[in-house]
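Everything on this sheet refers to the single structure shown next.
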Amino acid sequence: CETLDDVKEFGWTGEALKVLGFNQAQSDTIYETVAAILHLGNITFKGEDNSSVVDMEPVKRAGELLKIDPTELARVICKPKRKMGNQIVSVDKNPILASQSRDALCRTLYNRLFLWVVSLINVTLNVTSENFIGILDIAGFEIFKLNSFEQLCINYTNERLQQFF
């Protein structure tokens, strides 16, 4: 979109995090985790009954951001270990199941990041009681020509909040 300036938007995001009391390490964790999730989403798989990663570059980048070994990351997505009785065995996943594992990992990372961010914001807002009412009023995707990642985050937040009410 011609009217958006990514550099300015990123700067405003950083400023908003500072206003909310996030330190630089916390802000970096948010950026690194979101970037890792985006890289994980770029992982593709090949194979029939068992899968392998087509291109290790997204795995390497995600692994670096998450501070885990990329080879091990690829292995746990494509061929996780399971405990069966007294034995631990590796289970081959086909590309569809590996994609589902990748997607589940992304959802879990994003969910945990979201809950962590909310807990930090609650500390800043000094939320000390369970008798707290917050109101979130958000326009939906349908009214925007271009939907940004921020809008996706906002809509995800709204969906999560609706689960509580």
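Note on naming: chains are A, B, ... as they come in the structure tokens, residues start from 1 per chain, ligands start from 1 in the order shown.
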- Query: Mind checking DSSP for stretch 10-147 of chain A and telling me the alpha helix (DSSP H) residues as number ranges by chain?
  - Reply: A: 10-19, 24-41, 57-66, 70-78, 95-124
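If you count only C-alpha atoms and ignore residues fewer than 5 places along the chain from A:Ile121, what sits within 9 Å of it is Leu20, Gly21, Phe22, Trp116, Asn126 and Val127 of chain A.
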- Task: Go through A:Gln26, A:Glu48, A:Asp55, A:Val118 one by one, measure the shortest atom-to-atom distance of each to A:Pro95 using only C-alpha atoms, and give the residue with the smallest value.
- Result: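 Using only C-alpha atoms, A:Pro95 sits closest to A:Glu48.
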- Task: Name all residues at most 12 Å from A:Lys60 (count only C-alpha atoms; drop same-chain ones fewer than 5 positions away) and give them as a ChimeraX atom specification.
- Result: /A:36,39-40,42-43,53,55,65-74
- Query: Can you tell me how far atom CA of A:Thr157 sits from atom CA of A:Ile30, in Å to one decimal?
  - Reply: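 Computing the Euclidean distance for atom CA of A:Thr157 and atom CA of A:Ile30 yields 15.4 Å.
Atom pair atom CA of A:Leu17 / atom CA of A:Val117: separated by 9.9 Å.
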- Point out the residue among A:Leu4, A:Ile77, A:Val34, A:Cys153 with the least atom-to-atom distance to A:Ala104, counting only C-alpha atoms.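 So, comparing all the options, the nearest one is A:Ile77.
Between atom CA of A:Phe114 and atom CA of A:Asp5 the separation is 24.8 Å.
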- Contacts of stretch 87-94 of chain A at 8 Å or less, counting only C-alpha atoms, minus same-chain residues fewer than 6 places along, as a PyMOL selection string? chain A and resi 47-51+78-81
- What's the 9 Å shell around A:Val54, counting only C-alpha atoms, without same-chain residues fewer than 2 positions away, as a ChimeraX atom specification? /A:43-46,52,56
Just C-alpha atoms for this one: save the residues we selected as a PDB file, in the first residue's frame.
```pdb
ATOM      1  CA  ILE A  43       8.873 -24.300   5.508  1.00  0.00           C
ATOM      2  CA  THR A  44       7.666 -26.738   2.853  1.00  0.00           C
ATOM      3  CA  PHE A  45       7.888 -30.515   2.789  1.00  0.00           C
ATOM      4  CA  LYS A  46       8.409 -33.247   0.221  1.00  0.00           C
ATOM      5  CA  SER A  52      11.720 -33.970   4.580  1.00  0.00           C
ATOM      6  CA  MET A  56      16.469 -25.617   5.080  1.00  0.00           C
TER       7      MET A  56
END
```
